[in-house]
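Pasted below: work09.cif, mmCIF, C-alpha atoms and all ligand atoms.
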```
data_data
loop_
_atom_site.label_atom_id
_atom_site.label_comp_id
_atom_site.auth_asym_id
_atom_site.auth_seq_id
_atom_site.Cartn_x
_atom_site.Cartn_y
_atom_site.Cartn_z
CA MET D 1 -70.18 17.57 -9.72
CA GLY D 2 -70.41 18.25 -6.03
CA ARG D 3 -67.33 19.50 -4.31
CA GLY D 4 -66.38 21.33 -1.16
CA TRP D 5 -65.26 20.99 2.40
CA GLY D 6 -67.34 19.01 4.76
CA ARG D 7 -66.93 16.55 7.57
CA GLY D 8 -69.83 14.49 6.49
CA GLN D 9 -68.54 13.85 3.06
CA VAL D 10 -65.49 11.91 4.02
CA LYS D 11 -65.56 8.86 6.18
CA SER D 12 -62.61 7.79 8.22
CA ASP D 13 -60.88 4.56 8.68
CA SER D 14 -57.90 4.76 10.96
CA GLY D 15 -57.03 1.15 10.40
CA GLY D 16 -55.47 1.77 7.06
CA ARG D 17 -58.25 0.31 4.97
CA ARG D 18 -59.18 1.31 1.50
CA PHE D 19 -62.42 3.11 1.99
CA GLY D 20 -65.36 2.49 -0.24
CA GLU D 21 -65.40 4.56 -3.35
CA TRP D 22 -63.10 7.21 -1.98
CA SER D 23 -59.50 7.45 -2.94
CA VAL D 24 -56.81 9.85 -1.98
CA LEU D 25 -55.76 11.86 -4.96
CA SER D 26 -52.78 13.39 -3.39
CA ARG D 27 -51.28 14.10 -0.08
CA ALA D 28 -48.59 16.50 0.79
CA TRP D 29 -47.41 18.46 3.73
CA GLY D 30 -45.27 21.38 4.48
CA CYS D 31 -44.34 24.15 6.78
CA GLN D 32 -44.51 27.84 6.43
CA SER D 33 -44.25 30.55 9.04
CA GLY D 34 -44.47 28.07 11.85
CA GLU D 35 -47.59 26.46 10.55
CA VAL D 36 -47.99 22.94 9.37
CA VAL D 37 -50.53 21.68 6.99
CA PHE D 38 -51.50 18.36 5.69
CA ALA D 39 -53.48 18.72 2.57
CA TYR D 40 -55.57 15.97 1.24
CA ALA D 41 -57.36 15.84 -1.99
CA ALA D 42 -59.76 13.08 -2.43
CA TYR D 43 -62.39 12.10 -4.86
CA ALA D 44 -65.11 9.64 -5.29
CA GLU D 45 -64.71 8.16 -8.66
CA GLY D 46 -67.31 9.50 -11.01
CA VAL D 47 -69.37 10.99 -8.21
CA ALA D 48 -67.81 13.97 -6.58
CA GLU D 49 -64.59 15.63 -5.72
CA PHE D 50 -63.55 16.65 -2.31
CA PRO D 51 -60.50 18.20 -0.69
CA GLY D 52 -59.77 17.74 2.97
CA LEU D 53 -57.00 18.46 5.39
CA ARG D 54 -55.83 17.87 8.88
CA THR D 55 -53.30 19.17 11.29
CA ALA D 56 -49.91 17.74 11.99
CA VAL D 57 -47.67 17.07 14.92
CA PRO D 58 -45.23 19.68 16.18
CA GLY D 59 -41.67 19.42 15.14
CA ALA D 60 -42.76 18.60 11.67
CA CYS D 61 -41.37 21.77 10.19
CA SER D 62 -38.48 21.21 7.88
CA GLY D 63 -37.16 22.47 4.64
CA ALA D 64 -38.05 19.31 2.84
CA MET D 65 -41.64 19.58 3.89
CA ALA D 66 -41.73 23.21 2.88
CA SER D 67 -40.79 22.23 -0.61
CA VAL D 68 -43.74 19.90 -0.82
CA LEU D 69 -46.04 22.62 0.39
CA GLN D 70 -44.68 24.88 -2.28
CA MET D 71 -45.57 22.24 -4.79
CA ILE D 72 -49.17 22.36 -3.66
CA GLU D 73 -49.39 26.08 -3.55
CA SER D 74 -47.59 26.69 -6.79
CA GLY D 75 -50.37 24.80 -8.45
CA ARG D 76 -48.31 21.91 -9.72
CA LEU D 77 -50.67 19.55 -8.00
CA ALA D 78 -53.75 21.61 -8.60
CA ALA D 79 -53.07 21.80 -12.28
CA ARG D 80 -52.86 18.08 -12.49
CA GLN D 81 -55.73 17.10 -10.30
CA SER D 82 -58.24 19.79 -9.58
CA PRO D 83 -59.44 20.49 -7.04
CA VAL D 84 -56.57 20.46 -4.62
CA GLU D 85 -56.53 22.91 -1.80
CA SER D 86 -54.20 23.52 1.05
CA ARG D 87 -54.95 25.50 4.14
CA HIS D 88 -52.77 26.54 6.99
CA MET D 89 -53.55 25.38 10.47
CA PRO D 90 -51.47 25.80 13.61
CA CYS D 91 -49.23 23.00 14.68
CA ALA D 92 -51.22 21.03 17.19
CA PHE D 93 -50.44 17.90 19.12
CA PRO D 94 -52.76 16.69 20.31
CA ARG D 95 -55.06 18.69 18.18
CA PRO D 96 -57.03 21.38 20.01
CA ALA D 97 -60.76 21.14 19.95
CA SER D 98 -60.91 24.51 18.28
CA VAL D 99 -59.20 23.25 15.20
CA ALA D 100 -61.47 21.50 12.84
CA VAL D 101 -59.98 18.29 11.63
CA LEU D 102 -61.54 16.34 8.90
CA PRO D 103 -61.56 12.60 9.09
CA LEU D 104 -59.16 10.84 6.85
CA VAL D 105 -59.49 9.14 3.58
CA ILE D 106 -57.17 6.25 3.32
CA VAL D 107 -56.20 4.19 0.36
CA ALA D 108 -53.15 2.17 0.83
CA GLY D 109 -51.57 -0.32 3.10
CA VAL D 110 -53.70 -3.39 2.71
CA GLY D 111 -54.48 -5.96 0.16
CA SER D 112 -52.26 -8.64 -1.20
CA SER D 113 -49.13 -8.28 -3.21
CA GLY D 114 -49.27 -11.95 -4.00
CA ALA D 115 -45.63 -12.23 -3.00
CA THR D 116 -44.48 -15.74 -2.48
CA ALA D 117 -42.48 -16.76 0.55
CA ALA D 118 -38.75 -16.50 0.21
CA PRO D 119 -36.95 -19.73 -0.56
CA ALA D 120 -34.18 -20.91 1.73
CA ALA D 121 -31.05 -18.82 1.79
CA GLN D 122 -28.70 -19.24 -1.16
CA ASP D 123 -25.33 -17.84 -2.15
CA PHE D 124 -25.08 -15.33 -4.98
CA ALA D 125 -24.24 -17.80 -7.73
CA THR D 126 -27.13 -20.05 -6.73
CA ARG D 127 -29.55 -17.16 -6.60
CA CYS D 128 -28.44 -16.04 -10.04
CA ALA D 129 -28.97 -19.52 -11.45
CA GLN D 130 -32.63 -19.71 -10.47
CA PRO D 131 -35.40 -19.76 -13.06
CA GLY D 132 -36.82 -16.33 -13.71
CA VAL D 133 -33.62 -14.41 -13.10
CA VAL D 134 -33.18 -11.83 -15.83
CA ARG D 135 -30.00 -10.09 -14.74
CA CYS D 136 -27.27 -10.50 -12.15
CA VAL D 137 -24.49 -8.01 -11.51
CA GLY D 138 -21.73 -9.13 -9.18
CA PHE D 139 -19.53 -6.07 -9.58
CA ASP D 140 -16.70 -8.54 -10.07
CA ASP D 141 -16.18 -7.92 -13.80
CA PRO D 142 -14.38 -4.78 -15.00
CA ALA D 143 -17.17 -4.45 -17.57
CA ASP D 144 -19.58 -3.81 -14.69
CA PHE D 145 -17.80 -0.49 -14.25
CA ASN D 146 -18.24 0.68 -17.81
CA THR D 147 -17.60 4.41 -18.06
CA GLY D 148 -18.58 4.62 -21.72
CA ARG D 149 -17.10 7.56 -23.55
CA GLY D 150 -15.77 9.03 -20.32
CA GLY D 151 -15.64 12.76 -19.81
CA THR D 152 -18.88 14.19 -18.56
CA SER D 153 -20.90 11.68 -20.62
CA GLY D 154 -19.99 8.46 -18.85
CA ALA D 155 -22.10 5.53 -19.98
CA TYR D 156 -24.82 7.71 -21.48
CA ARG D 157 -26.74 5.84 -24.20
CA GLN D 158 -25.17 2.55 -23.18
CA ASN D 159 -26.88 -0.45 -21.66
CA SER D 160 -25.25 -0.17 -18.27
CA GLY D 161 -22.44 1.65 -16.56
CA ILE D 162 -21.41 4.63 -14.54
CA PHE D 163 -22.09 8.34 -14.63
CA PRO D 164 -19.71 10.73 -12.91
CA PRO D 165 -21.29 13.47 -10.79
CA SER D 166 -23.22 15.73 -13.13
CA GLY D 167 -21.06 18.14 -15.07
CA THR D 168 -17.80 16.55 -13.95
CA SER D 169 -15.38 13.98 -15.27
CA ASP D 170 -14.70 12.65 -11.80
CA TYR D 171 -14.71 8.86 -11.83
CA THR D 172 -13.18 8.53 -8.37
CA ARG D 173 -16.51 8.52 -6.57
CA ALA D 174 -18.07 5.40 -8.12
CA THR D 175 -15.38 2.76 -8.22
CA ARG D 176 -14.55 -0.91 -8.01
CA ASP D 177 -13.49 -1.88 -4.48
CA THR D 178 -11.52 -5.09 -4.20
CA SER D 179 -11.11 -4.88 -0.43
CA THR D 180 -14.75 -4.71 0.68
CA PHE D 181 -17.33 -6.95 -0.99
CA ALA D 182 -20.19 -9.33 -0.25
CA SER D 183 -18.90 -11.93 -2.68
CA GLY D 184 -16.75 -12.47 -5.72
CA GLY D 185 -13.82 -10.28 -4.87
CA SER D 186 -15.15 -6.77 -5.47
CA SER D 187 -18.08 -4.40 -5.11
CA LEU D 188 -19.29 -1.00 -6.27
CA LYS D 189 -18.16 1.71 -3.86
CA PHE D 190 -19.52 5.24 -3.71
CA THR D 191 -17.55 7.93 -1.92
CA ILE D 192 -19.50 10.87 -0.51
CA PRO D 193 -16.91 13.65 -0.12
CA THR D 194 -17.17 16.69 2.05
CA ASN D 195 -18.62 19.80 0.43
CA SER D 196 -20.36 17.86 -2.31
CA GLY D 197 -23.68 18.89 -3.82
CA ALA D 198 -26.77 16.78 -4.34
CA ASP D 199 -25.06 14.56 -6.90
CA THR D 200 -22.42 13.53 -4.40
CA SER D 201 -20.98 10.55 -6.18
CA GLY D 202 -22.48 9.90 -9.59
CA SER D 203 -24.49 6.78 -10.27
CA TYR D 204 -24.52 3.25 -11.62
CA PHE D 205 -27.32 2.04 -13.85
CA THR D 206 -28.25 -1.08 -15.72
CA ASN D 207 -31.07 -2.13 -17.97
CA PHE D 208 -32.79 -5.37 -17.05
CA SER D 209 -31.39 -7.11 -20.13
CA LYS D 210 -28.63 -6.43 -22.62
CA ASP D 211 -30.97 -6.53 -25.61
CA LEU D 212 -33.73 -4.53 -23.83
CA SER D 213 -36.09 -7.45 -24.37
CA VAL D 214 -37.06 -7.83 -20.71
CA GLN D 215 -39.20 -5.00 -19.39
CA PHE D 216 -42.31 -4.94 -17.26
CA GLY D 217 -45.42 -2.96 -18.15
CA ALA D 218 -49.00 -3.60 -17.10
CA ASN D 219 -50.06 -6.82 -15.35
CA SER D 220 -46.58 -8.02 -14.61
CA GLU D 221 -44.35 -8.72 -11.66
CA PHE D 222 -40.66 -8.53 -10.90
CA TYR D 223 -38.21 -8.34 -8.03
CA VAL D 224 -34.99 -6.42 -7.50
CA GLN D 225 -32.57 -7.48 -4.78
CA TRP D 226 -29.27 -5.93 -3.81
CA ARG D 227 -26.77 -5.96 -0.98
CA GLN D 228 -25.67 -2.64 0.45
CA ARG D 229 -23.16 -1.63 3.08
CA PHE D 230 -22.97 1.72 4.83
CA SER D 231 -20.14 3.43 6.65
CA PRO D 232 -21.08 4.78 10.08
CA GLU D 233 -20.67 8.32 8.80
CA PHE D 234 -23.10 7.68 5.99
CA VAL D 235 -25.79 6.35 8.30
CA ASN D 236 -25.32 8.93 11.02
CA THR D 237 -24.81 12.18 9.12
CA LYS D 238 -27.72 14.50 8.50
CA TYR D 239 -26.42 16.32 5.44
CA ALA D 240 -27.16 20.02 5.49
CA GLY D 241 -29.91 20.94 3.07
CA GLY D 242 -30.40 17.38 1.87
CA GLY D 243 -33.69 15.54 1.79
CA GLY D 244 -31.96 12.26 2.49
CA TRP D 245 -29.87 10.00 0.27
CA LYS D 246 -31.41 7.57 -2.16
CA GLN D 247 -30.50 3.91 -2.41
CA ILE D 248 -32.10 2.84 -5.66
CA ILE D 249 -34.34 4.12 -8.40
CA ILE D 250 -36.31 1.48 -10.30
CA GLY D 251 -37.66 3.09 -13.43
CA ALA D 252 -38.25 3.03 -17.15
CA GLY D 253 -36.02 0.89 -19.30
CA ASP D 254 -34.40 2.14 -22.47
CA SER D 255 -35.84 1.51 -25.89
CA PRO D 256 -33.69 1.41 -29.02
CA GLY D 257 -32.52 4.95 -29.60
CA ALA D 258 -34.05 6.32 -26.40
CA PHE D 259 -32.00 6.53 -23.25
CA GLU D 260 -34.29 6.92 -20.26
CA PRO D 261 -33.13 9.13 -17.39
CA SER D 262 -33.56 8.19 -13.75
CA CYS D 263 -36.39 10.71 -13.37
CA THR D 264 -39.35 9.07 -15.11
CA PRO D 265 -43.07 8.80 -14.34
CA LEU D 266 -42.54 5.16 -13.35
CA GLU D 267 -39.76 5.59 -10.84
CA VAL D 268 -40.05 3.68 -7.57
CA VAL D 269 -37.45 4.96 -5.13
CA VAL D 270 -36.00 3.71 -1.86
CA GLN D 271 -34.58 6.57 0.16
CA ASN D 272 -33.32 7.47 3.62
CA LEU D 273 -35.99 10.15 3.64
CA ASN D 274 -35.05 13.18 5.72
CA HIS D 275 -32.07 11.24 7.08
CA ARG D 276 -34.38 9.45 9.50
CA GLY D 277 -32.11 6.45 9.45
CA PHE D 278 -34.42 3.96 7.76
CA PRO D 279 -35.64 3.30 4.22
CA ALA D 280 -38.84 4.87 2.94
CA MET D 281 -40.31 4.80 -0.55
CA TYR D 282 -42.11 6.98 -3.06
CA ASN D 283 -43.41 6.81 -6.60
CA SER D 284 -42.97 8.94 -9.68
CA CYS D 285 -40.99 11.89 -10.90
CA THR D 286 -44.08 13.40 -12.54
CA GLY D 287 -47.21 12.27 -10.75
CA SER D 288 -50.33 11.01 -12.50
CA THR D 289 -54.11 11.04 -12.23
CA SER D 290 -54.26 9.66 -8.68
CA HIS D 291 -51.31 11.36 -7.02
CA GLY D 292 -48.55 13.89 -7.35
CA ALA D 293 -44.87 13.46 -7.94
CA TYR D 294 -42.68 11.93 -5.23
CA ASN D 295 -45.79 10.39 -3.69
CA PRO D 296 -44.65 8.90 -0.38
CA PHE D 297 -45.63 5.44 0.76
CA ASP D 298 -46.62 6.60 4.21
CA GLU D 299 -49.92 5.43 5.56
CA PRO D 300 -52.22 7.61 7.67
CA TYR D 301 -52.64 6.08 11.10
CA GLY D 302 -55.07 7.14 13.78
CA ALA D 303 -56.15 10.75 14.03
CA TYR D 304 -52.85 12.46 13.38
CA ASP D 305 -50.10 10.02 12.66
CA PHE D 306 -48.46 8.06 9.86
CA LYS D 307 -46.86 4.70 9.44
CA LEU D 308 -43.60 5.51 7.70
CA GLN D 309 -42.85 1.81 7.16
CA ASN D 310 -46.31 0.33 7.09
CA GLY D 311 -45.14 -3.27 7.02
CA ARG D 312 -43.71 -3.12 10.54
CA PRO D 313 -45.63 -4.79 13.41
CA SER D 314 -46.47 -3.06 16.70
CA PRO D 315 -45.26 -0.67 18.00
CA TYR D 316 -45.06 0.18 14.28
CA CYS D 317 -42.90 2.77 12.61
CA LEU D 318 -44.71 6.02 13.26
CA TYR D 319 -44.05 9.61 12.39
CA SER D 320 -44.83 10.64 15.98
CA GLN D 321 -42.11 8.35 17.32
CA GLY D 322 -39.50 10.65 15.84
CA ARG D 323 -39.76 12.86 18.90
CA ALA D 324 -38.28 10.03 20.97
CA SER D 325 -36.97 7.26 18.73
CA TYR D 326 -38.07 5.52 15.58
CA PHE D 327 -36.31 2.38 16.74
CA PRO D 328 -36.94 -0.31 19.36
CA PRO D 329 -38.11 -0.27 22.03
CA VAL D 330 -40.00 2.97 21.30
CA GLY D 331 -40.63 2.51 17.61
CA ASN D 332 -40.18 -0.43 15.30
CA CYS D 333 -38.71 1.08 12.18
CA PHE D 334 -36.19 -1.13 10.38
CA GLY D 335 -33.11 1.07 10.38
CA TYR D 336 -29.81 1.08 8.58
CA VAL D 337 -26.98 -0.69 10.35
CA PRO D 338 -23.41 0.36 9.47
CA ASN D 339 -20.51 -1.97 8.75
CA GLU D 340 -22.50 -4.97 7.58
CA TRP D 341 -23.91 -6.20 4.29
CA MET D 342 -27.63 -5.58 4.50
CA THR D 343 -30.00 -7.03 1.89
CA PHE D 344 -32.85 -5.15 0.24
CA GLN D 345 -35.51 -6.55 -2.07
CA VAL D 346 -38.32 -4.70 -3.85
CA GLN D 347 -41.27 -6.42 -5.46
CA ILE D 348 -43.30 -4.51 -8.02
CA LYS D 349 -46.54 -6.08 -9.20
CA THR D 350 -48.42 -3.96 -11.67
CA GLY D 351 -52.10 -4.00 -12.47
CA PRO D 352 -53.71 -2.96 -15.75
CA ARG D 353 -52.92 0.36 -17.38
CA VAL D 354 -55.76 2.86 -17.05
CA GLY D 355 -54.89 6.23 -18.52
CA ASP D 356 -51.53 7.27 -17.16
CA GLU D 357 -51.33 4.68 -14.40
CA PHE D 358 -50.87 1.01 -13.63
CA VAL D 359 -53.86 0.75 -11.31
CA ASP D 360 -54.22 -1.72 -8.45
CA SER D 361 -50.49 -2.27 -8.25
CA TYR D 362 -48.46 -3.46 -5.27
CA VAL D 363 -44.99 -2.65 -4.02
CA THR D 364 -43.21 -4.53 -1.26
CA LEU D 365 -39.87 -3.85 0.40
CA TRP D 366 -38.03 -6.45 2.45
CA VAL D 367 -34.85 -5.74 4.37
CA ALA D 368 -32.44 -8.10 6.10
CA ARG D 369 -29.49 -7.58 8.35
CA GLU D 370 -26.43 -9.59 7.47
CA GLY D 371 -26.95 -13.25 8.29
CA LYS D 372 -30.57 -12.71 9.30
CA PRO D 373 -33.78 -13.48 7.43
CA SER D 374 -35.44 -10.65 5.55
CA GLU D 375 -38.43 -8.88 7.06
CA ALA D 376 -41.30 -7.03 5.40
CA VAL D 377 -40.83 -3.31 5.83
CA ILE D 378 -43.25 -1.71 3.38
CA THR D 379 -46.31 -3.42 1.91
CA TRP D 380 -48.02 -0.95 -0.36
CA GLY D 381 -51.16 -1.29 -2.36
CA PRO D 382 -53.50 -1.54 -4.03
CA TYR D 383 -51.96 1.60 -5.44
CA ASN D 384 -51.89 3.36 -8.76
CA LEU D 385 -48.29 3.51 -9.94
CA SER D 386 -47.65 6.32 -12.39
CA ALA D 387 -47.13 5.00 -15.91
CA GLY D 388 -46.68 8.10 -18.05
CA TRP D 389 -48.37 8.79 -21.35
CA SER D 390 -49.75 5.80 -23.19
CA ARG D 391 -47.97 6.85 -26.35
CA ASP D 392 -44.61 6.61 -24.60
CA ASP D 393 -45.43 3.10 -23.38
CA LEU D 394 -42.76 3.20 -20.69
CA LYS D 395 -42.04 -0.06 -18.92
CA PHE D 396 -39.96 -0.87 -15.87
CA GLY D 397 -36.60 -1.93 -17.17
CA LYS D 398 -33.75 -0.12 -15.50
CA VAL D 399 -32.29 0.36 -12.05
CA TRP D 400 -30.08 3.15 -10.77
CA LEU D 401 -27.87 2.75 -7.72
CA LEU D 402 -26.86 6.11 -6.31
CA PRO D 403 -26.53 8.07 -3.07
CA TYR D 404 -28.03 11.20 -4.67
CA ASN D 405 -29.21 13.60 -1.97
CA THR D 406 -31.60 16.26 -3.27
CA GLY D 407 -30.86 19.72 -1.88
CA LYS D 408 -27.59 18.75 -0.21
CA SER D 409 -25.45 21.82 0.39
CA SER D 410 -21.96 21.89 -1.08
CA SER D 411 -20.98 24.61 1.37
CA ALA D 412 -21.35 22.31 4.36
CA SER D 413 -18.45 20.18 5.57
CA HIS D 414 -19.05 16.58 6.56
CA THR D 415 -16.81 13.63 7.25
CA THR D 416 -16.19 11.60 4.11
CA ALA D 417 -18.66 8.72 3.95
CA TYR D 418 -19.00 5.54 1.90
CA THR D 419 -21.59 3.10 0.71
CA TRP D 420 -21.03 -0.14 -1.19
CA TYR D 421 -23.32 -2.22 -3.42
CA ASP D 422 -22.97 -5.84 -4.42
CA GLU D 423 -25.04 -8.81 -5.66
CA LEU D 424 -27.67 -7.00 -7.72
CA ILE D 425 -30.34 -9.41 -9.00
CA ILE D 426 -33.44 -8.80 -11.09
CA SER D 427 -35.89 -11.69 -11.31
CA ARG D 428 -39.43 -12.61 -12.20
CA HIS D 429 -39.74 -14.45 -8.88
CA ARG D 430 -39.05 -13.77 -5.23
CA ILE D 431 -35.33 -13.98 -4.62
CA ALA D 432 -33.88 -15.98 -1.73
CA ASP D 433 -32.05 -14.30 1.09
CA PRO D 434 -28.26 -14.54 0.86
CA ALA D 435 -26.73 -17.55 2.55
CA ARG D 436 -24.31 -16.80 5.31
CA CA O 1 -19.11 -8.85 -5.84
#
```
As structure tokens, what does this structure read like?
Amino acid sequence: MGRGWGRGQVKSDSGGRRFGEWSVLSRAWGCQSGEVVFAYAAYAEGVAEFPGLRTAVPGACSGAMASVLQMIESGRLAARQSPVESRHMPCAFPRPASVAVLPLVIVAGVGSSGATAAPAAQDFATRCAQPGVVRCVGFDDPADFNTGRGGTSGAYRQNSGIFPPSGTSDYTRATRDTSTFASGGSSLKFTIPTNSGADTSGSYFTNFSKDLSVQFGANSEFYVQWRQRFSPEFVNTKYAGGGGWKQIIIGAGDSPGAFEPSCTPLEVVVQNLNHRGFPAMYNSCTGSTSHGAYNPFDEPYGAYDFKLQNGRPSPYCLYSQGRASYFPPVGNCFGYVPNEWMTFQVQIKTGPRVGDEFVDSYVTLWVAREGKPSEAVITWGPYNLSAGWSRDDLKFGKVWLLPYNTGKSSSASHTTAYTWYDELIISRHRIADPAR
């Protein structure tokens, strides 16, 4: 088994193409003592193993990145997928000639998700009535706001419902709002109070079906669409300590007698990563053979950059644009817009299970502004989604809606913010955009 550092052993492809037999095992980055590293671990299946790295752009240092670096160096990645190495290199932009930079190995960002074109816009009731729809939640029925046994337990061990913020019995932060809604007379409103910790507001969850019969394992395909509205404060605040609020976690469904938490190997998450103001995605709470936990869907681009939303056309949505602006005319990231009902749709198409992964899978994210057609934002794959142990046989079957913000400091004061959800649909087929 040959292994080691070497320029000649890795071939580059800056165009985002899957490259030959090489695959990226893991990628992570971080900051420590003013240095930035990007660590790559790659392997050629059945042939050799090879770790590589490259330098990063300045300004990349942040607490969130540091935590990822710690994950590398603490051995959590190395233990899972030897060999993984990280090395410190000075921040460099553009990179100095004196700093050796290995060419990149690139895996994701191309291929076909097989997603069908969206049908013409339809209202919520019409969308829910389409063939293939497995669950619709309008947040118009009091039962949609099931708080189960109440107290600190909430809807634990139930099919759907609400959790209060962890350790509390506070049901004022995830509520039914009859004054602001996309349709039907009410919505699910989360309040993000000042001085709240990471679990700012609790969560809503639902299984894909009431009898747990509809779940998606290997070689399957499903779509999740929801409407979401953001207060200006929610979009514009960079919460101290926080890694950015989540929008949705799509993860393992319950089985009889087993209540699955939001943090599962399968989880596919949409998040306002680092409060950049636009949705990004990652996979897995545990990692698996091909990649670590919280594996971001950001695609290496050129010699030292990333596409943070790889489905965006030129001028793309690039990490380097953050120094000026991620948004038009500089960048082309699809950002959050306050005070309107945006629409989000995630497609997950799984390939066969191999070991602890659904290999050759695809994930797509579309986003639409209110009254506008949806646009592709992230098109990811072929990619190995983490699947967990075979014996657990976890399948996608549950969604969590929540503004959870990992690391958020409860000692920091911020203006109270709000986000609303409405018109949640889970379907076997592509879901139409909402009609005006
Ligand atoms: Ca509604």
*asked:* Which polymer residues, whether protein, DNA or RNA, lie within 8 Å of the coordinate (-46.6, 0.5, -12.0) when you count only C-alpha atoms? List them as a ChimeraX atom specification, using the chain letters and numbers from the file.
replied: /D:217-218,266,348-351,357-359,361,384-387,396
Limited to C-alpha atoms, could you put the picked residues into a file as an mmCIF file, in the frame of the given file?
```
data_model
loop_
_atom_site.group_PDB
_atom_site.id
_atom_site.type_symbol
_atom_site.label_atom_id
_atom_site.label_comp_id
_atom_site.auth_asym_id
_atom_site.auth_seq_id
_atom_site.Cartn_x
_atom_site.Cartn_y
_atom_site.Cartn_z
ATOM 1 C CA GLY D 217 -45.420 -2.960 -18.150
ATOM 2 C CA ALA D 218 -49.000 -3.600 -17.100
ATOM 3 C CA LEU D 266 -42.540 5.160 -13.350
ATOM 4 C CA ILE D 348 -43.300 -4.510 -8.020
ATOM 5 C CA LYS D 349 -46.540 -6.080 -9.200
ATOM 6 C CA THR D 350 -48.420 -3.960 -11.670
ATOM 7 C CA GLY D 351 -52.100 -4.000 -12.470
ATOM 8 C CA GLU D 357 -51.330 4.680 -14.400
ATOM 9 C CA PHE D 358 -50.870 1.010 -13.630
ATOM 10 C CA VAL D 359 -53.860 0.750 -11.310
ATOM 11 C CA SER D 361 -50.490 -2.270 -8.250
ATOM 12 C CA ASN D 384 -51.890 3.360 -8.760
ATOM 13 C CA LEU D 385 -48.290 3.510 -9.940
ATOM 14 C CA SER D 386 -47.650 6.320 -12.390
ATOM 15 C CA ALA D 387 -47.130 5.000 -15.910
ATOM 16 C CA PHE D 396 -39.960 -0.870 -15.870
#
```
Point (-29.2, -15.3, -8.2) neighbourhood (9 Å, only C-alpha atoms) written as a PDB file with C-alpha atoms, in the coordinates of the input:
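Output file out.pdb follows:
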```pdb
ATOM      1  CA  GLN D 122     -28.700 -19.240  -1.160  1.00  0.00           C
ATOM      2  CA  ASP D 123     -25.330 -17.840  -2.150  1.00  0.00           C
ATOM      3  CA  PHE D 124     -25.080 -15.330  -4.980  1.00  0.00           C
ATOM      4  CA  ALA D 125     -24.240 -17.800  -7.730  1.00  0.00           C
ATOM      5  CA  THR D 126     -27.130 -20.050  -6.730  1.00  0.00           C
ATOM      6  CA  ARG D 127     -29.550 -17.160  -6.600  1.00  0.00           C
ATOM      7  CA  CYS D 128     -28.440 -16.040 -10.040  1.00  0.00           C
ATOM      8  CA  ALA D 129     -28.970 -19.520 -11.450  1.00  0.00           C
ATOM      9  CA  GLN D 130     -32.630 -19.710 -10.470  1.00  0.00           C
ATOM     10  CA  VAL D 133     -33.620 -14.410 -13.100  1.00  0.00           C
ATOM     11  CA  ARG D 135     -30.000 -10.090 -14.740  1.00  0.00           C
ATOM     12  CA  CYS D 136     -27.270 -10.500 -12.150  1.00  0.00           C
ATOM     13  CA  GLU D 423     -25.040  -8.810  -5.660  1.00  0.00           C
ATOM     14  CA  LEU D 424     -27.670  -7.000  -7.720  1.00  0.00           C
ATOM     15  CA  ILE D 425     -30.340  -9.410  -9.000  1.00  0.00           C
ATOM     16  CA  ILE D 426     -33.440  -8.800 -11.090  1.00  0.00           C
ATOM     17  CA  SER D 427     -35.890 -11.690 -11.310  1.00  0.00           C
ATOM     18  CA  ILE D 431     -35.330 -13.980  -4.620  1.00  0.00           C
ATOM     19  CA  ALA D 432     -33.880 -15.980  -1.730  1.00  0.00           C
TER      20      ALA D 432
END
```
*Please extract the residues at most 7 Å from ligand CA 1 (chain O), counting all atoms listed in the file, and provide them as a VMD selection string, using the chain letters and residue numbers of this document.*
chain D and resid 138 to 140 181 to 187 422 to 423
*Provide the CA of Ser374 (chain D) to CA of Asp177 (chain D) distance in Å, to one decimal place.*
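Here the two named atoms are 25.7 Å from each other.
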Show which residues sit within 10 Å of Ser255 (chain D), as an mmCIF file with C-alpha atoms, in the frame of the given file. Count all atoms listed in the file, and ignore same-chain residues fewer than 6 positions away.
```
data_model
loop_
_atom_site.group_PDB
_atom_site.id
_atom_site.type_symbol
_atom_site.label_atom_id
_atom_site.label_comp_id
_atom_site.auth_asym_id
_atom_site.auth_seq_id
_atom_site.Cartn_x
_atom_site.Cartn_y
_atom_site.Cartn_z
ATOM 1 C CA ASN D 207 -31.070 -2.130 -17.970
ATOM 2 C CA ASP D 211 -30.970 -6.530 -25.610
ATOM 3 C CA LEU D 212 -33.730 -4.530 -23.830
ATOM 4 C CA SER D 213 -36.090 -7.450 -24.370
ATOM 5 C CA GLN D 215 -39.200 -5.000 -19.390
ATOM 6 C CA LEU D 394 -42.760 3.200 -20.690
ATOM 7 C CA LYS D 395 -42.040 -0.060 -18.920
ATOM 8 C CA GLY D 397 -36.600 -1.930 -17.170
#
```
*Expressed in Å to a single decimal, how great is the separation between CA of Ser169 (chain D) and CA of Gly148 (chain D)?*
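Distance between the two atoms: 11.8 Å.
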*Measure the distance from CA of Ala303 (chain D) to CA of His291 (chain D) in Å and round it to one decimal.*
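Between CA of Ala303 (chain D) and CA of His291 (chain D) the gap works out to 21.6 Å.
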*Looking at D:Ile249, D:Val235, D:Ile162, D:Val224, which one is nearest to Tyr204 (chain D), with distances taken over all atoms listed in the file?*
D:Ile162
Region 168-246 of chain D residues near region 330-342 of chain D within 7 Å, closest pair each, using all atoms listed in the file, as JSON lines:
```
{"residue": "D:Ala182", "atom": "CA", "partner": "D:Trp341", "partner_atom": "CA", "distance": 6.7}
{"residue": "D:Arg227", "atom": "CA", "partner": "D:Met342", "partner_atom": "CA", "distance": 5.6}
{"residue": "D:Gln228", "atom": "CA", "partner": "D:Met342", "partner_atom": "CA", "distance": 5.4}
{"residue": "D:Arg229", "atom": "CA", "partner": "D:Trp341", "partner_atom": "CA", "distance": 4.8}
{"residue": "D:Phe230", "atom": "CA", "partner": "D:Pro338", "partner_atom": "CA", "distance": 4.9}
{"residue": "D:Ser231", "atom": "CA", "partner": "D:Pro338", "partner_atom": "CA", "distance": 5.3}
{"residue": "D:Pro232", "atom": "CA", "partner": "D:Pro338", "partner_atom": "CA", "distance": 5.0}
{"residue": "D:Val235", "atom": "CA", "partner": "D:Pro338", "partner_atom": "CA", "distance": 6.6}
```
